[in-house]
Amino acid sequence: MLCRMIPRKSKTGKVPVYLNVYDLTSINGYAYWLGLGVYHSGVQVHGQEYAFGAHEHSSTGIFEVEPKKCPGFTFRKSILIGRTDMGQKEVRGFMERLAEEYSGNSYNLITKNCNHFCNDACLKLIGKPIPSWVNRLARLGLLCNCVLPAGLNETKVRHVRAEEVACDKKKLRSHSSRRLDVL
């Protein structure tokens with residue numbers, strides 16, 4: 001007996017949701033073709049890019065930047081993940097709620113990094129994950145955690161401005177006015 005495929009109704013919105021992927025190292029030029037690499041990513045929706053980074057405070061690590069121009073990283077590519085019907089205010093509110101789960105001091109290179117944030121955001125915005133190659137090394141690091149140096153899992157920050165500490169932890173701040181250097 002043959003099964004009849006019934007097409008699922010997929011929710012197709014009007015507003016595109018992109019994953020912007022950045023290289024963290026020039027070695028990615030070679031590693032990318034092997035399915036490897038070290039990447040930073042951000043979710044672009046309504047002309048704004050949202051990403052997650054580390055700092056030593058309990059306030060949110062989610063920040064906003066101009067799309068495809070995240071400071072400190074080299075833009076590689078933009079990937080259309082899907083479309084949403086959420087308006088600009090709804091997306092902003094969604095990001096502010098998500099900010100509660102992503103404090104700057106909770107950043108972990110292996111278990112809770114920018115790519116994990118983007119995957120969660122895309123799953124909740126449109127029901128689709130980011131491509132697996134974007135966070136492949138973190139997953140491999142999780143499997144090989146016993147052979148990684150202990151310091152690799154620690155978040156260390158070179159500089160955080162004092163005025164950022166005073167910001168309300170539920171408010172998203174613009175990353176363009178600060179630079180977080182993760183060691």
# chains A, B, ... in the order shown; residues from 1 in each chain; ligands from 1
>>> residues_around(residues="Arg136 (chain A)", least_positions_apart="5", cutoff="9 Å", atoms="only C-alpha atoms", output="PyMOL selection string")
chain A and resi 35-38+141
>>> write_last_selection(atoms="C-alpha atoms", output="mmCIF file, in the first residue's frame")
data_model
loop_
_atom_site.group_PDB
_atom_site.id
_atom_site.type_symbol
_atom_site.label_atom_id
_atom_site.label_comp_id
_atom_site.auth_asym_id
_atom_site.auth_seq_id
_atom_site.Cartn_x
_atom_site.Cartn_y
_atom_site.Cartn_z
ATOM 1 C CA GLY A 35 32.265 21.779 6.602
ATOM 2 C CA LEU A 36 34.103 23.318 9.525
ATOM 3 C CA GLY A 37 34.902 26.794 10.777
ATOM 4 C CA VAL A 38 34.455 29.158 13.672
ATOM 5 C CA GLY A 141 33.528 20.564 21.354
#
>>> residues_around(residues="Gly47 (chain A)", least_positions_apart="5", cutoff="10 Å", atoms="only C-alpha atoms", output="ChimeraX atom specification")
/A:15-18,65-67,88
>>> write_last_selection(atoms="N, CA, C and O atoms", output="compact mmCIF listing (two decimals), in the first residue's frame")
# COMPACT_ATOMS: atom_id res chain seq x y z
N VAL A 15 7.63 38.90 6.12
CA VAL A 15 8.89 39.53 6.52
C VAL A 15 10.01 38.49 6.53
O VAL A 15 9.95 37.51 7.27
N PRO A 16 11.05 38.70 5.72
CA PRO A 16 12.15 37.72 5.69
C PRO A 16 12.97 37.74 6.98
O PRO A 16 13.16 38.79 7.60
N VAL A 17 13.42 36.55 7.36
CA VAL A 17 14.30 36.38 8.51
C VAL A 17 15.59 35.75 7.98
O VAL A 17 15.57 34.64 7.44
N TYR A 18 16.68 36.50 8.12
CA TYR A 18 17.98 36.05 7.62
C TYR A 18 18.91 35.69 8.77
O TYR A 18 18.84 36.28 9.85
N VAL A 65 22.79 45.47 15.87
CA VAL A 65 23.75 46.13 14.98
C VAL A 65 23.11 46.34 13.61
O VAL A 65 22.06 45.75 13.31
N GLU A 66 23.77 47.15 12.81
CA GLU A 66 23.35 47.31 11.43
C GLU A 66 23.59 45.97 10.73
O GLU A 66 24.66 45.37 10.90
N PRO A 67 22.64 45.47 9.95
CA PRO A 67 22.80 44.17 9.31
C PRO A 67 24.09 44.04 8.49
O PRO A 67 24.50 44.97 7.80
N GLN A 88 7.30 44.77 13.60
CA GLN A 88 8.54 45.27 14.19
C GLN A 88 8.46 45.34 15.72
O GLN A 88 9.39 44.93 16.41
>>> select_by_dssp(residues="region 9-164 of chain A", states="strand (DSSP E or B)", output="PyMOL selection string")
chain A and resi 15-23+39-45+48-52+60+62-65+74-84+103+108+112+157
>>> write_last_selection(atoms="C-alpha atoms", output="mmCIF file, in the first residue's frame")
data_model
loop_
_atom_site.group_PDB
_atom_site.id
_atom_site.type_symbol
_atom_site.label_atom_id
_atom_site.label_comp_id
_atom_site.auth_asym_id
_atom_site.auth_seq_id
_atom_site.Cartn_x
_atom_site.Cartn_y
_atom_site.Cartn_z
ATOM 1 C CA VAL A 15 8.888 39.534 6.520
ATOM 2 C CA PRO A 16 12.151 37.725 5.691
ATOM 3 C CA VAL A 17 14.304 36.380 8.511
ATOM 4 C CA TYR A 18 17.981 36.049 7.624
ATOM 5 C CA LEU A 19 20.904 34.469 9.397
ATOM 6 C CA ASN A 20 23.988 36.621 8.885
ATOM 7 C CA VAL A 21 27.157 34.557 9.278
ATOM 8 C CA TYR A 22 30.577 36.025 10.031
ATOM 9 C CA ASP A 23 34.074 34.530 10.071
ATOM 10 C CA TYR A 39 31.526 31.494 13.081
ATOM 11 C CA HIS A 40 29.621 34.328 14.674
ATOM 12 C CA SER A 41 26.000 34.815 13.626
ATOM 13 C CA GLY A 42 23.122 37.229 14.004
ATOM 14 C CA VAL A 43 19.419 37.148 13.115
ATOM 15 C CA GLN A 44 18.234 39.880 10.760
ATOM 16 C CA VAL A 45 14.569 40.873 10.721
ATOM 17 C CA GLN A 48 17.806 45.091 12.298
ATOM 18 C CA GLU A 49 20.322 42.420 13.267
ATOM 19 C CA TYR A 50 20.205 40.814 16.719
ATOM 20 C CA ALA A 51 23.096 38.795 18.140
ATOM 21 C CA PHE A 52 24.444 37.511 21.454
ATOM 22 C CA THR A 60 21.453 40.881 28.630
ATOM 23 C CA ILE A 62 21.743 40.387 23.209
ATOM 24 C CA PHE A 63 22.656 43.410 21.137
ATOM 25 C CA GLU A 64 21.583 45.120 17.928
ATOM 26 C CA VAL A 65 23.750 46.126 14.979
ATOM 27 C CA THR A 74 34.221 39.501 8.792
ATOM 28 C CA PHE A 75 30.869 39.073 7.051
ATOM 29 C CA ARG A 76 30.661 35.783 5.131
ATOM 30 C CA LYS A 77 27.078 35.291 3.952
ATOM 31 C CA SER A 78 23.400 35.910 4.569
ATOM 32 C CA ILE A 79 21.006 32.937 4.559
ATOM 33 C CA LEU A 80 17.236 33.270 4.237
ATOM 34 C CA ILE A 81 15.862 31.010 6.984
ATOM 35 C CA GLY A 82 12.199 31.800 6.409
ATOM 36 C CA ARG A 83 9.535 34.472 6.806
ATOM 37 C CA THR A 84 7.483 35.739 9.722
ATOM 38 C CA SER A 103 22.598 37.275 29.990
ATOM 39 C CA ASN A 108 29.755 29.812 26.910
ATOM 40 C CA LYS A 112 25.538 28.854 24.913
ATOM 41 C CA VAL A 157 36.109 39.800 28.737
#
>>> closest_residue(among="A:Leu123, A:Ile110, A:Cys118, A:Ile27", to="Ala138 (chain A)", atoms="only C-alpha atoms")
A:Ile110
>>> atom_distance(atom1="CA of Ile130 (chain A)", atom2="CA of Asn113 (chain A)")
13.4 Å
>>> residues_around(residues="His57 (chain A)", least_positions_apart="6", cutoff="9 Å", atoms="only C-alpha atoms", output="list in words")
Ser103, Gly104, Asn105, Ser106 and Val165 of chain A
>>> closest_residue(among="A:Lys14, A:Gly87, A:Phe73, A:Phe117", to="Gly61 (chain A)", atoms="only C-alpha atoms")
A:Phe117
>>> decode(residues="region 113-129 of chain A", atoms="all heavy atoms", output="compact mmCIF listing (two decimals), in the first residue's frame")
# COMPACT_ATOMS: atom_id res chain seq x y z
N ASN A 113 26.37 29.97 22.94
CA ASN A 113 27.05 31.02 22.20
C ASN A 113 26.08 31.75 21.27
O ASN A 113 24.88 31.52 21.31
CB ASN A 113 28.26 30.45 21.45
CG ASN A 113 27.87 29.43 20.39
OD1 ASN A 113 26.85 29.56 19.70
ND2 ASN A 113 28.68 28.40 20.24
N CYS A 114 26.61 32.63 20.44
CA CYS A 114 25.78 33.42 19.53
C CYS A 114 24.97 32.54 18.58
O CYS A 114 23.84 32.88 18.24
CB CYS A 114 26.66 34.39 18.73
SG CYS A 114 27.98 33.57 17.81
N ASN A 115 25.53 31.42 18.17
CA ASN A 115 24.83 30.53 17.25
C ASN A 115 23.67 29.81 17.94
O ASN A 115 22.63 29.56 17.31
CB ASN A 115 25.81 29.53 16.63
CG ASN A 115 26.93 30.22 15.91
OD1 ASN A 115 26.71 31.17 15.17
ND2 ASN A 115 28.15 29.78 16.12
N HIS A 116 23.84 29.48 19.21
CA HIS A 116 22.73 28.90 19.98
C HIS A 116 21.58 29.92 20.07
O HIS A 116 20.41 29.57 19.90
CB HIS A 116 23.18 28.51 21.39
CG HIS A 116 24.13 27.36 21.42
ND1 HIS A 116 25.47 27.53 21.66
CD2 HIS A 116 23.94 26.04 21.23
CE1 HIS A 116 26.07 26.35 21.63
NE2 HIS A 116 25.16 25.43 21.37
N PHE A 117 21.94 31.18 20.35
CA PHE A 117 20.93 32.24 20.41
C PHE A 117 20.19 32.34 19.07
O PHE A 117 18.95 32.39 19.05
CB PHE A 117 21.57 33.59 20.75
CG PHE A 117 20.71 34.76 20.36
CD1 PHE A 117 19.59 35.09 21.12
CD2 PHE A 117 21.00 35.51 19.24
CE1 PHE A 117 18.77 36.15 20.74
CE2 PHE A 117 20.19 36.58 18.86
CZ PHE A 117 19.08 36.89 19.61
N CYS A 118 20.92 32.38 17.97
CA CYS A 118 20.29 32.52 16.65
C CYS A 118 19.38 31.33 16.34
O CYS A 118 18.30 31.50 15.77
CB CYS A 118 21.35 32.69 15.56
SG CYS A 118 22.15 34.29 15.62
N ASN A 119 19.82 30.14 16.73
CA ASN A 119 18.99 28.96 16.51
C ASN A 119 17.68 29.07 17.29
O ASN A 119 16.60 28.83 16.75
CB ASN A 119 19.75 27.69 16.88
CG ASN A 119 19.07 26.45 16.37
OD1 ASN A 119 18.89 26.28 15.16
ND2 ASN A 119 18.65 25.59 17.27
N ASP A 120 17.78 29.45 18.57
CA ASP A 120 16.57 29.62 19.39
C ASP A 120 15.65 30.69 18.80
O ASP A 120 14.43 30.50 18.72
CB ASP A 120 16.93 30.01 20.83
CG ASP A 120 17.47 28.85 21.64
OD1 ASP A 120 17.42 27.70 21.16
OD2 ASP A 120 17.94 29.10 22.77
N ALA A 121 16.23 31.81 18.39
CA ALA A 121 15.42 32.90 17.83
C ALA A 121 14.71 32.45 16.55
O ALA A 121 13.52 32.71 16.37
CB ALA A 121 16.30 34.12 17.55
N CYS A 122 15.43 31.76 15.67
CA CYS A 122 14.82 31.31 14.41
C CYS A 122 13.74 30.26 14.66
O CYS A 122 12.69 30.29 14.01
CB CYS A 122 15.89 30.76 13.46
SG CYS A 122 16.90 32.05 12.71
N LEU A 123 13.98 29.36 15.59
CA LEU A 123 12.96 28.34 15.91
C LEU A 123 11.68 29.00 16.42
O LEU A 123 10.58 28.59 16.06
CB LEU A 123 13.49 27.35 16.95
CG LEU A 123 14.46 26.30 16.43
CD1 LEU A 123 15.10 25.55 17.60
CD2 LEU A 123 13.77 25.34 15.48
N LYS A 124 11.83 30.04 17.24
CA LYS A 124 10.65 30.70 17.80
C LYS A 124 10.01 31.68 16.82
O LYS A 124 8.80 31.86 16.85
CB LYS A 124 11.02 31.39 19.11
CG LYS A 124 11.35 30.38 20.20
CD LYS A 124 11.86 31.01 21.46
CE LYS A 124 12.24 29.94 22.47
NZ LYS A 124 12.89 30.49 23.65
N LEU A 125 10.80 32.30 15.95
CA LEU A 125 10.24 33.26 14.98
C LEU A 125 9.53 32.56 13.82
O LEU A 125 8.48 33.00 13.38
CB LEU A 125 11.35 34.15 14.41
CG LEU A 125 11.82 35.31 15.26
CD1 LEU A 125 13.07 35.94 14.65
CD2 LEU A 125 10.72 36.36 15.40
N ILE A 126 10.15 31.49 13.30
CA ILE A 126 9.62 30.86 12.08
C ILE A 126 9.53 29.34 12.14
O ILE A 126 9.05 28.72 11.19
CB ILE A 126 10.44 31.27 10.84
CG1 ILE A 126 11.91 30.92 11.04
CG2 ILE A 126 10.26 32.73 10.53
CD1 ILE A 126 12.75 31.12 9.82
N GLY A 127 10.00 28.74 13.23
CA GLY A 127 9.90 27.29 13.35
C GLY A 127 10.96 26.51 12.60
O GLY A 127 10.81 25.30 12.40
N LYS A 128 12.04 27.17 12.18
CA LYS A 128 13.12 26.48 11.46
C LYS A 128 14.45 26.76 12.16
O LYS A 128 14.70 27.88 12.60
CB LYS A 128 13.21 26.98 10.02
CG LYS A 128 12.06 26.59 9.15
CD LYS A 128 12.28 27.08 7.73
CE LYS A 128 11.12 26.74 6.84
NZ LYS A 128 11.33 27.27 5.48
N PRO A 129 15.33 25.74 12.21
CA PRO A 129 16.65 25.94 12.82
C PRO A 129 17.62 26.59 11.83
O PRO A 129 17.36 26.65 10.63
CB PRO A 129 17.09 24.51 13.16
CG PRO A 129 16.46 23.69 12.06
CD PRO A 129 15.12 24.35 11.79
